[in-house]
Amino acid sequence: MPETTKKCGRCKDTKDASEFYHHKSRKDGLTGYCKVCHGKACMKWQGRNRDQLRAANRKYYHAHREEMIKRQAAYRDTHQEERAKSRAKYYLVHREELAKKAAEYYRTHRDYYSRYQAKYRAEHREEIAKYRAKYHKDHHEELLKKDRAYYYAHREAILTKADAKRRAAGMKQYKNAKKGTRHAR
Ligand SMILES: [Zn+2]
């Protein structure tokens, strides 16, 4: 009768033969470790060898860099249309999904981006001001036209707003003056 259970050499549990992987060169045709332990041992091995593997990959890449870059570029060149088509198709098919993902990504990273932007702006204030000034100078006519067009399109709203602002400023002045006379007394 064939053995149906086996003791694992690692966790020392006695398990069903199906809990072990097949191994031709071993006497009972099964691995010494159970599947669970085998997996753990593999992971440990990979972890230990990850750096080595990475170094080997890097070495290979550096040794064959030129060749690989050339090959990739050649592939891209000869498959340009194909690639563009498959990309377009992919976007079309996954449009909703991609839009959802992008929105979700934006939602979860909004704080990060606004913080990043604020930091960037603070660090590059002069540069940005210079760029803006140059832009205004270079696009003076265009911007003026745009401003004018905007003004005519929104004249009513702008005038109403300005009026309200003036009134508010007047009120503030009046209040301050009143406060001033009170303090003066
Ligand atoms: Zn085990």
# chains A, B, ... in the order shown; residues from 1 in each chain; ligands from 1

call {"tool": "residues_near_ligand", "arguments": {"ligand": "ligand 1", "cutoff": "10 Å", "atoms": "only C-alpha atoms and all ligand atoms", "output": "count of residues only"}}
result
22

call {"tool": "select_by_dssp", "arguments": {"residues": "segment 22-87 of chain A", "states": "alpha helix (DSSP H)", "output": "ChimeraX atom specification"}}
result
/A:35-63,65-78,80-87

call {"tool": "select_by_dssp", "arguments": {"residues": "segment 1-138 of chain A", "states": "strand (DSSP E or B)", "output": "NGL selection string"}}
result
:A and (5-7 or 14-16 or 20-22 or 30-34)

call {"tool": "atom_distance", "arguments": {"atom1": "atom CA of Asn176 of chain A", "atom2": "atom CA of Ala162 of chain A"}}
result
20.8 Å

call {"tool": "atom_distance", "arguments": {"atom1": "atom CA of Thr4 of chain A", "atom2": "atom CA of Asp16 of chain A"}}
result
5.9 Å
